[in-house]
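Raw input-v7.cif, mmCIF, C-alpha atoms:
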data_input
loop_
_atom_site.label_atom_id
_atom_site.label_comp_id
_atom_site.auth_asym_id
_atom_site.auth_seq_id
_atom_site.Cartn_x
_atom_site.Cartn_y
_atom_site.Cartn_z
CA MET A 9 112.37 101.45 118.57
CA LEU A 10 109.33 103.44 119.58
CA VAL A 11 107.79 100.54 121.52
CA ASP A 12 109.06 97.64 123.58
CA TYR A 13 109.28 94.10 122.27
CA GLU A 14 106.66 92.89 124.73
CA LEU A 15 104.01 95.10 123.09
CA ILE A 16 104.89 93.70 119.65
CA ARG A 17 104.67 90.15 120.98
CA ARG A 18 101.25 90.86 122.49
CA ALA A 19 100.00 92.43 119.26
CA ARG A 20 101.31 89.43 117.34
CA GLU A 21 99.28 87.13 119.57
CA GLY A 22 96.10 89.01 118.58
CA ASP A 23 95.83 91.44 121.49
CA GLY A 24 93.65 94.29 120.10
CA PRO A 25 94.64 97.03 122.59
CA ALA A 26 98.32 96.18 122.04
CA PHE A 27 97.83 96.54 118.30
CA ASN A 28 96.13 99.91 118.86
CA GLU A 29 99.08 101.06 120.95
CA LEU A 30 101.50 99.90 118.27
CA VAL A 31 99.65 101.79 115.53
CA ALA A 32 99.40 104.91 117.70
CA ALA A 33 103.17 104.84 118.27
CA TYR A 34 104.13 104.50 114.61
CA ARG A 35 101.32 106.06 112.59
CA LYS A 36 102.68 109.62 112.49
CA ARG A 37 106.12 108.50 111.39
CA ILE A 38 104.70 106.10 108.80
CA LEU A 39 102.28 108.70 107.43
CA GLY A 40 105.23 111.11 107.06
CA THR A 41 107.24 108.52 105.16
CA ILE A 42 104.26 107.77 102.92
CA ALA A 43 103.72 111.49 102.27
CA ARG A 44 107.30 111.81 101.05
CA LEU A 45 107.15 108.58 99.09
CA ILE A 46 103.98 109.30 97.13
CA GLY A 47 104.02 113.10 97.08
CA ARG A 48 100.24 113.50 97.27
CA PRO A 49 99.00 114.56 100.70
CA GLU A 50 95.36 113.81 99.87
CA ASP A 51 96.07 110.06 99.58
CA VAL A 52 98.46 109.65 102.51
CA GLU A 53 95.84 108.40 105.00
CA ASP A 54 94.46 105.82 102.57
CA VAL A 55 97.91 104.35 101.97
CA GLY A 56 98.58 104.51 105.72
CA GLN A 57 95.40 102.53 106.40
CA GLU A 58 96.55 99.92 103.89
CA VAL A 59 99.96 99.66 105.60
CA PHE A 60 98.49 99.02 109.05
CA LEU A 61 95.86 96.69 107.60
CA ARG A 62 98.63 94.63 106.03
CA LEU A 63 100.52 94.81 109.31
CA TYR A 64 97.53 93.40 111.19
CA TYR A 65 97.22 90.44 108.83
CA SER A 66 100.93 89.73 108.57
CA LEU A 67 102.04 90.19 112.18
CA ASP A 68 101.90 86.43 112.76
CA GLN A 69 104.55 86.00 110.06
CA LEU A 70 106.99 88.30 111.86
CA ARG A 71 109.99 86.18 112.88
CA SER A 72 110.92 88.21 115.94
CA ALA A 73 110.04 91.52 117.55
CA GLU A 74 113.59 92.77 116.91
CA VAL A 75 112.96 93.06 113.17
CA PHE A 76 109.63 94.85 113.55
CA GLU A 77 110.74 98.26 112.24
CA PRO A 78 112.34 97.03 108.98
CA TRP A 79 109.24 94.85 108.55
CA LEU A 80 106.96 97.87 108.94
CA TYR A 81 109.11 99.93 106.55
CA ARG A 82 108.98 97.09 104.05
CA LEU A 83 105.18 97.08 104.23
CA THR A 84 105.20 100.86 103.84
CA ALA A 85 107.52 100.78 100.82
CA ASN A 86 105.40 98.03 99.22
CA ALA A 87 102.13 99.88 99.79
CA ALA A 88 103.62 103.11 98.39
CA TYR A 89 104.99 101.20 95.42
CA ASP A 90 101.57 99.62 94.74
CA TYR A 91 99.91 103.01 95.01
CA LEU A 92 102.41 104.65 92.65
CA ARG A 93 102.05 101.86 90.13
CA LYS A 94 98.26 102.07 90.19
CA ARG A 95 98.26 105.79 89.77
CA ARG A 96 101.01 106.04 87.26
CA ARG A 97 100.07 108.98 85.22
CA ARG A 98 100.48 108.89 81.47
CA LEU A 99 103.65 110.56 80.33
CA GLU A 100 101.70 112.64 77.82
CA SER A 101 99.50 114.07 80.54
CA ARG A 102 102.57 115.00 82.53
CA MET A 103 104.87 117.77 81.54
CA ALA A 104 107.69 116.39 79.45
CA ASP A 105 110.08 118.40 81.57
CA LEU A 106 109.96 120.25 84.80
CA SER A 107 108.36 123.60 84.28
CA GLU A 108 110.61 126.63 84.14
CA GLN A 109 109.14 127.86 87.37
CA GLN A 110 109.97 124.60 89.13
CA VAL A 111 113.57 124.63 87.93
CA VAL A 112 114.01 128.25 88.98
CA LEU A 113 112.60 127.26 92.34
CA ALA A 114 115.00 124.32 92.58
CA ASP A 115 117.87 126.73 91.90
CA ALA A 116 116.58 129.12 94.50
CA VAL A 117 116.33 126.27 97.01
CA ALA A 118 119.92 125.35 96.28
CA GLY A 119 120.93 128.96 96.92
CA GLU A 120 118.71 129.11 99.99
CA LYS A 121 117.06 132.21 98.62
CA VAL A 122 113.51 131.16 99.23
CA ASP A 123 111.38 131.94 102.16
CA ARG A 124 109.71 128.59 102.71
CA ASP A 125 106.15 129.54 103.25
CA GLU A 126 103.29 127.16 102.52
CA GLY A 127 102.99 128.09 98.85
CA GLN A 128 106.66 127.51 98.23
CA LYS A 129 106.61 124.25 100.17
CA LYS A 130 103.80 123.13 97.92
CA ARG A 131 105.83 124.07 94.85
CA ILE A 132 108.86 122.18 96.18
CA ARG A 133 106.67 119.12 96.70
CA GLU A 134 105.35 119.45 93.17
CA ALA A 135 108.83 119.92 91.72
CA VAL A 136 110.19 116.81 93.42
CA ASP A 137 107.04 114.87 92.62
CA ALA A 138 107.37 115.80 88.93
CA LEU A 139 111.06 114.90 88.96
CA LEU A 140 110.53 111.53 90.64
CA ASP A 141 107.61 110.80 88.31
CA ARG A 142 110.15 110.61 85.51
CA VAL A 143 111.88 107.55 86.96
CA SER A 144 110.49 104.13 87.80
CA GLU A 145 108.53 103.48 90.98
CA GLU A 146 111.37 101.26 92.25
CA ASP A 147 113.91 104.07 91.82
CA ARG A 148 111.55 106.56 93.37
CA VAL A 149 110.89 104.52 96.50
CA LEU A 150 114.53 103.53 96.98
CA LEU A 151 115.88 107.05 96.47
CA THR A 152 113.28 108.64 98.71
CA LEU A 153 114.04 106.19 101.51
CA LYS A 154 117.76 106.91 101.19
CA GLU A 155 117.97 110.59 100.27
CA VAL A 156 114.88 112.02 101.91
CA GLU A 157 114.15 109.66 104.79
CA GLY A 158 117.85 109.33 105.51
CA LEU A 159 117.85 105.57 106.05
CA SER A 160 121.26 103.94 106.22
CA LEU A 161 122.45 101.24 103.83
CA LYS A 162 122.17 98.73 106.67
CA GLU A 163 118.55 99.68 107.30
CA LEU A 164 117.77 99.58 103.59
CA GLY A 165 119.42 96.17 103.39
CA GLN A 166 117.08 94.90 106.12
CA ILE A 167 114.05 96.33 104.33
CA TYR A 168 114.92 95.07 100.86
CA HIS A 169 116.65 91.84 102.00
CA VAL A 170 119.55 92.74 99.75
CA LYS A 171 123.29 92.93 100.49
CA GLU A 172 124.81 96.38 100.95
CA ASN A 173 126.98 96.16 97.83
CA ALA A 174 124.02 95.32 95.62
CA LEU A 175 122.11 98.19 97.20
CA LYS A 176 124.94 100.61 96.51
CA VAL A 177 124.82 99.69 92.84
CA ARG A 178 121.05 100.07 92.68
CA LEU A 179 121.20 103.39 94.49
CA PHE A 180 123.96 104.69 92.24
CA ARG A 181 121.99 103.81 89.11
CA ALA A 182 118.76 105.28 90.47
CA ARG A 183 120.54 108.46 91.43
CA GLN A 184 122.13 108.72 87.98
CA ARG A 185 118.72 108.39 86.34
CA VAL A 186 117.20 111.10 88.53
CA LEU A 187 120.22 113.31 87.96
CA LYS A 188 119.88 112.82 84.21
CA ALA A 189 116.23 113.89 84.35
CA PHE A 190 117.16 116.85 86.53
CA THR A 191 119.99 117.95 84.20
CA ALA A 192 117.77 117.50 81.13
CA ALA A 193 115.14 119.72 82.74
CA HIS A 194 117.74 122.38 83.44
CA LYS A 195 119.02 122.26 79.86
CA THR A 196 115.51 122.60 78.47
CA VAL A 197 114.79 125.60 80.63
CA ALA A 198 118.15 127.17 79.78
CA GLY A 199 117.41 126.66 76.07
CA VAL A 200 113.97 128.21 76.38
CA SER A 201 115.34 131.16 78.39
CA SER A 202 118.20 131.87 75.94
CA SER A 203 115.91 131.71 72.90
CA ARG A 204 113.74 134.51 74.31
CA MET B 16 135.35 118.22 79.92
CA ASP B 17 136.09 120.14 83.12
CA ARG B 18 133.11 122.32 82.47
CA GLU B 19 130.86 119.31 82.00
CA SER B 20 132.00 117.61 85.20
CA HIS B 21 131.64 120.90 87.04
CA SER B 22 128.09 121.21 85.70
CA THR B 23 127.27 117.63 86.78
CA GLY B 24 128.74 118.36 90.19
CA SER B 25 126.63 121.46 90.59
CA ASP B 26 123.55 119.53 89.45
CA GLU B 27 124.29 116.92 92.10
CA ALA B 28 124.57 119.62 94.73
CA ARG B 29 121.30 121.18 93.53
CA LEU B 30 119.56 117.82 93.60
CA GLU B 31 120.77 117.18 97.12
CA ALA B 32 119.54 120.59 98.21
CA LEU B 33 116.21 119.94 96.55
CA PHE B 34 115.83 116.64 98.43
CA LYS B 35 116.64 118.40 101.70
CA ALA B 36 114.09 121.10 100.96
CA TYR B 37 111.56 118.40 100.09
CA ARG B 38 112.15 116.75 103.47
CA ALA B 39 111.48 120.08 105.17
CA ALA B 40 108.44 120.76 102.96
CA CYS B 41 106.88 117.40 103.86
CA PRO B 42 106.66 117.18 107.64
CA ASP B 43 104.99 114.15 109.26
CA PRO B 44 101.25 114.85 108.96
CA GLU B 45 98.95 114.56 111.95
CA PRO B 46 96.69 111.52 111.58
CA SER B 47 93.00 112.35 111.40
CA ALA B 48 90.77 111.63 114.40
CA ASN B 49 89.03 108.73 112.68
CA PHE B 50 92.23 106.97 111.64
CA MET B 51 91.82 104.15 114.17
CA PRO B 52 88.04 103.65 113.71
CA LEU B 53 88.54 103.48 109.94
CA LEU B 54 91.41 101.03 110.36
CA TRP B 55 89.29 98.70 112.51
CA GLN B 56 86.44 99.02 110.03
CA GLY B 57 88.83 97.92 107.30
CA ILE B 58 90.09 95.01 109.39
CA GLU B 59 86.55 93.86 110.19
CA ALA B 60 85.42 94.27 106.56
CA ARG B 61 88.29 92.08 105.39
CA GLN B 62 87.58 89.56 108.11
CA SER B 63 83.91 89.37 107.09
CA VAL B 64 84.90 88.84 103.46
CA SER B 65 87.19 85.99 104.45
CA ILE B 66 84.43 84.53 106.67
CA VAL B 67 81.98 84.63 103.74
CA PHE B 68 84.54 82.91 101.50
CA SER B 69 85.33 80.24 104.06
CA ARG B 70 81.59 79.57 104.56
CA LEU B 71 81.10 79.35 100.81
CA ALA B 72 84.04 76.99 100.49
CA ARG B 73 82.71 74.82 103.33
CA ASN B 74 79.24 74.66 101.74
CA LEU B 75 80.70 73.77 98.38
CA MET B 76 82.77 71.03 99.99
CA THR B 77 79.70 69.59 101.74
CA ALA B 78 77.71 69.67 98.50
CA ALA B 79 80.54 67.96 96.61
CA LEU B 80 80.77 65.28 99.29
CA ALA B 81 77.00 64.69 99.22
CA LEU B 82 77.04 64.48 95.43
CA SER B 83 79.88 62.00 95.39
CA ILE B 84 78.07 59.81 97.98
CA LEU B 85 74.91 59.99 95.86
CA LEU B 86 76.81 59.05 92.72
CA GLY B 87 78.49 56.21 94.59
CA LEU B 88 75.07 54.90 95.65
CA VAL B 89 73.70 55.15 92.12
CA VAL B 90 76.69 53.30 90.70
CA SER B 91 76.53 50.56 93.33
CA PHE B 92 72.74 50.18 92.80
CA SER B 93 73.05 49.92 89.04
CA GLY B 94 75.97 47.54 89.53
CA SER B 95 73.61 44.94 91.02
CA HIS B 96 71.81 44.71 87.65
CA VAL B 97 74.92 43.91 85.71
CA GLY B 98 73.86 40.23 85.43
CA GLN B 99 70.92 41.13 83.24
CA LEU B 100 73.05 42.83 80.72
CA PRO B 101 74.43 40.85 77.76
CA SER B 102 77.81 39.40 78.52
CA GLU B 103 79.14 39.78 74.98
CA SER B 104 81.02 42.82 73.95
CA TYR B 105 79.57 45.35 71.57
CA VAL B 106 81.72 44.11 68.70
CA GLU B 107 80.62 40.51 69.32
CA LEU B 108 76.95 41.55 69.31
CA LEU B 109 77.39 43.40 66.05
CA ALA B 110 79.16 40.49 64.47
CA GLU B 111 76.37 38.14 65.53
CA GLU B 112 73.66 40.40 64.18
CA HIS B 113 75.25 40.76 60.78
CA TYR B 114 76.38 37.17 60.52
CA SER B 115 73.89 36.21 57.80
CA GLN B 116 74.76 39.27 55.72
CA SER B 117 78.42 38.59 55.97
CA LEU B 118 77.82 35.06 54.68
CA ASP B 119 76.39 36.52 51.48
CA TYR B 120 79.68 38.11 50.80
CA TYR B 121 81.92 35.24 51.66
CA ASP B 122 79.97 32.16 50.47
CA PRO B 123 81.36 30.69 47.22
CA LEU B 124 79.35 31.43 44.08
CA ARG B 125 77.54 28.30 42.85
CA THR B 126 76.83 28.04 39.16
CA THR B 127 75.15 25.17 37.31
CA PRO B 128 76.65 24.26 33.92
CA ALA B 129 74.32 24.88 30.89
CA THR B 130 74.39 21.28 29.68
CA GLU B 131 72.95 20.02 32.94
CA GLN B 132 69.98 22.37 32.54
CA HIS B 133 68.82 20.81 29.30
#
In structure tokens, how does this file's structure come out?
Amino acid sequence: MLVDYELIRRAREGDGPAFNELVAAYRKRILGTIARLIGRPEDVEDVGQEVFLRLYYSLDQLRSAEVFEPWLYRLTANAAYDYLRKRRRRLESRMADLSEQQVVLADAVAGEKVDRDEGQKKRIREAVDALLDRVSEEDRVLLTLKEVEGLSLKELGQIYHVKENALKVRLFRARQRVLKAFTAAHKTVAGVSSSR
Amino acid sequence: MDRESHSTGSDEARLEALFKAYRAACPDPEPSANFMPLLWQGIEARQSVSIVFSRLARNLMTAALALSILLGLVVSFSGSHVGQLPSESYVELLAEEHYSQSLDYYDPLRTTPATEQH
């Protein structure tokens, strides 16, 4: 916990300065999570505003200060999910597969050959964004929270209000779907490369 | 078969590495200086919208209440004139009005024999 329970209780009772303190403590972490969930830096602040706005109006529904963090993560995941759904790009306008350059980059990342300067970081973001765009928003959010944010099954269970076993199944399926898209992209690029 | 599973395994490893690289490529961004002012603006804007709606709802409720009181008064006022209205039902009134006509149909036909006429 980044703040003490007393601060959460005060914010829940409508104390403005306490709410400010709460937002100041969590905003950087939440904006980071949103950035990785949606993959578009230009919209991170807008989604972040929506998360804390929802927090302000739902704080009175919080059962206890102990479950504040999963509650905040749940709001974050929901806001990211809403954003992704609204801005779902048409499949035709997206590349059917990852571009050759992106797959080569993914290979290079795996081999740790790349010097991660800003340009390459941007390309990594684009590669993962394109990959995750090929699965549903639910899969994208769940996988990002687990694989990128590094949340445990217990933490995910608290966020999703789902038992760990059910989560394991959902995670396995989501991972298989992403892996399938990733493998398909590799095969396409390999086919294109060998036909040259 | 072995080759396929090996390829899947290497894809899994690549995917994991890609996710790790993605984590490193997306550090927590610094919030902009006007993050808090914008947030409070948003909170106040939403509050003002809900205030407008609650006012509108309250006004509508008052108007509905006034209208129902007015209608109640009108009904009770017109109720005092009920005595002047005919007590028969609509069907009874109709039957009364067309009584003579209905007799034409149902009265027995009277004919005078020809011999009596001469």
Select all residues from chain A having any atom no more than 9 Å from an atom of chain B (counting only C-alpha atoms, ignoring ligands), output as a PDB file with C-alpha atoms, keeping the file's coordinate frame.
ATOM      1  CA  ASN A  28      96.130  99.910 118.860  1.00  0.00           C
ATOM      2  CA  VAL A  31      99.650 101.790 115.530  1.00  0.00           C
ATOM      3  CA  ALA A  32      99.400 104.910 117.700  1.00  0.00           C
ATOM      4  CA  ARG A  35     101.320 106.060 112.590  1.00  0.00           C
ATOM      5  CA  LYS A  36     102.680 109.620 112.490  1.00  0.00           C
ATOM      6  CA  ARG A  37     106.120 108.500 111.390  1.00  0.00           C
ATOM      7  CA  ILE A  38     104.700 106.100 108.800  1.00  0.00           C
ATOM      8  CA  LEU A  39     102.280 108.700 107.430  1.00  0.00           C
ATOM      9  CA  GLY A  40     105.230 111.110 107.060  1.00  0.00           C
ATOM     10  CA  THR A  41     107.240 108.520 105.160  1.00  0.00           C
ATOM     11  CA  ALA A  43     103.720 111.490 102.270  1.00  0.00           C
ATOM     12  CA  ARG A  44     107.300 111.810 101.050  1.00  0.00           C
ATOM     13  CA  GLY A  47     104.020 113.100  97.080  1.00  0.00           C
ATOM     14  CA  PRO A  49      99.000 114.560 100.700  1.00  0.00           C
ATOM     15  CA  VAL A  52      98.460 109.650 102.510  1.00  0.00           C
ATOM     16  CA  GLU A  53      95.840 108.400 105.000  1.00  0.00           C
ATOM     17  CA  GLN A  57      95.400 102.530 106.400  1.00  0.00           C
ATOM     18  CA  GLU A  58      96.550  99.920 103.890  1.00  0.00           C
ATOM     19  CA  PHE A  60      98.490  99.020 109.050  1.00  0.00           C
ATOM     20  CA  LEU A  61      95.860  96.690 107.600  1.00  0.00           C
ATOM     21  CA  TYR A  64      97.530  93.400 111.190  1.00  0.00           C
ATOM     22  CA  TYR A  65      97.220  90.440 108.830  1.00  0.00           C
ATOM     23  CA  ALA A 114     115.000 124.320  92.580  1.00  0.00           C
ATOM     24  CA  ASP A 115     117.870 126.730  91.900  1.00  0.00           C
ATOM     25  CA  VAL A 117     116.330 126.270  97.010  1.00  0.00           C
ATOM     26  CA  ALA A 118     119.920 125.350  96.280  1.00  0.00           C
ATOM     27  CA  GLY A 119     120.930 128.960  96.920  1.00  0.00           C
ATOM     28  CA  GLU A 120     118.710 129.110  99.990  1.00  0.00           C
ATOM     29  CA  ARG A 124     109.710 128.590 102.710  1.00  0.00           C
ATOM     30  CA  GLU A 126     103.290 127.160 102.520  1.00  0.00           C
ATOM     31  CA  GLN A 128     106.660 127.510  98.230  1.00  0.00           C
ATOM     32  CA  LYS A 129     106.610 124.250 100.170  1.00  0.00           C
ATOM     33  CA  LYS A 130     103.800 123.130  97.920  1.00  0.00           C
ATOM     34  CA  ILE A 132     108.860 122.180  96.180  1.00  0.00           C
ATOM     35  CA  ARG A 133     106.670 119.120  96.700  1.00  0.00           C
ATOM     36  CA  ALA A 135     108.830 119.920  91.720  1.00  0.00           C
ATOM     37  CA  VAL A 136     110.190 116.810  93.420  1.00  0.00           C
ATOM     38  CA  THR A 152     113.280 108.640  98.710  1.00  0.00           C
ATOM     39  CA  GLU A 155     117.970 110.590 100.270  1.00  0.00           C
ATOM     40  CA  VAL A 156     114.880 112.020 101.910  1.00  0.00           C
ATOM     41  CA  GLU A 157     114.150 109.660 104.790  1.00  0.00           C
ATOM     42  CA  VAL A 186     117.200 111.100  88.530  1.00  0.00           C
ATOM     43  CA  LEU A 187     120.220 113.310  87.960  1.00  0.00           C
ATOM     44  CA  PHE A 190     117.160 116.850  86.530  1.00  0.00           C
ATOM     45  CA  THR A 191     119.990 117.950  84.200  1.00  0.00           C
ATOM     46  CA  HIS A 194     117.740 122.380  83.440  1.00  0.00           C
TER      47      HIS A 194
END
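You will find CA of Gly87 (chain B) at 19.8 Å from CA of Asn74 (chain B).
What separates CA of Gly165 (chain A) from CA of Ala33 (chain A) is a distance of 23.7 Å.
Note that the spacing between CA of Leu67 (chain A) and CA of Ala88 (chain A) amounts to 19.0 Å.
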* Could you name the residues that touch region 72-77 of chain A at 7 Å or less, counting all atoms listed in the file, but leaving out those on the same chain fewer than 6 positions away, as an NGL selection string? -> :A and (13 or 16-17)
Centre and edge lengths of an axis-aligned box around all listed atoms of region 82-95 of chain B, with 6 Å added on each side, are to be given in Å to one decimal, as JSON.
{"center_x": 76.3, "center_y": 54.7, "center_z": 93.5, "size_x": 19.1, "size_y": 31.5, "size_z": 20.9}
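With only C-alpha atoms as the atoms that count, the minimum distance from Leu63 (chain A) to the choices A:Ala87, A:Val11, A:Asp51, A:Pro25 is reached by A:Ala87.
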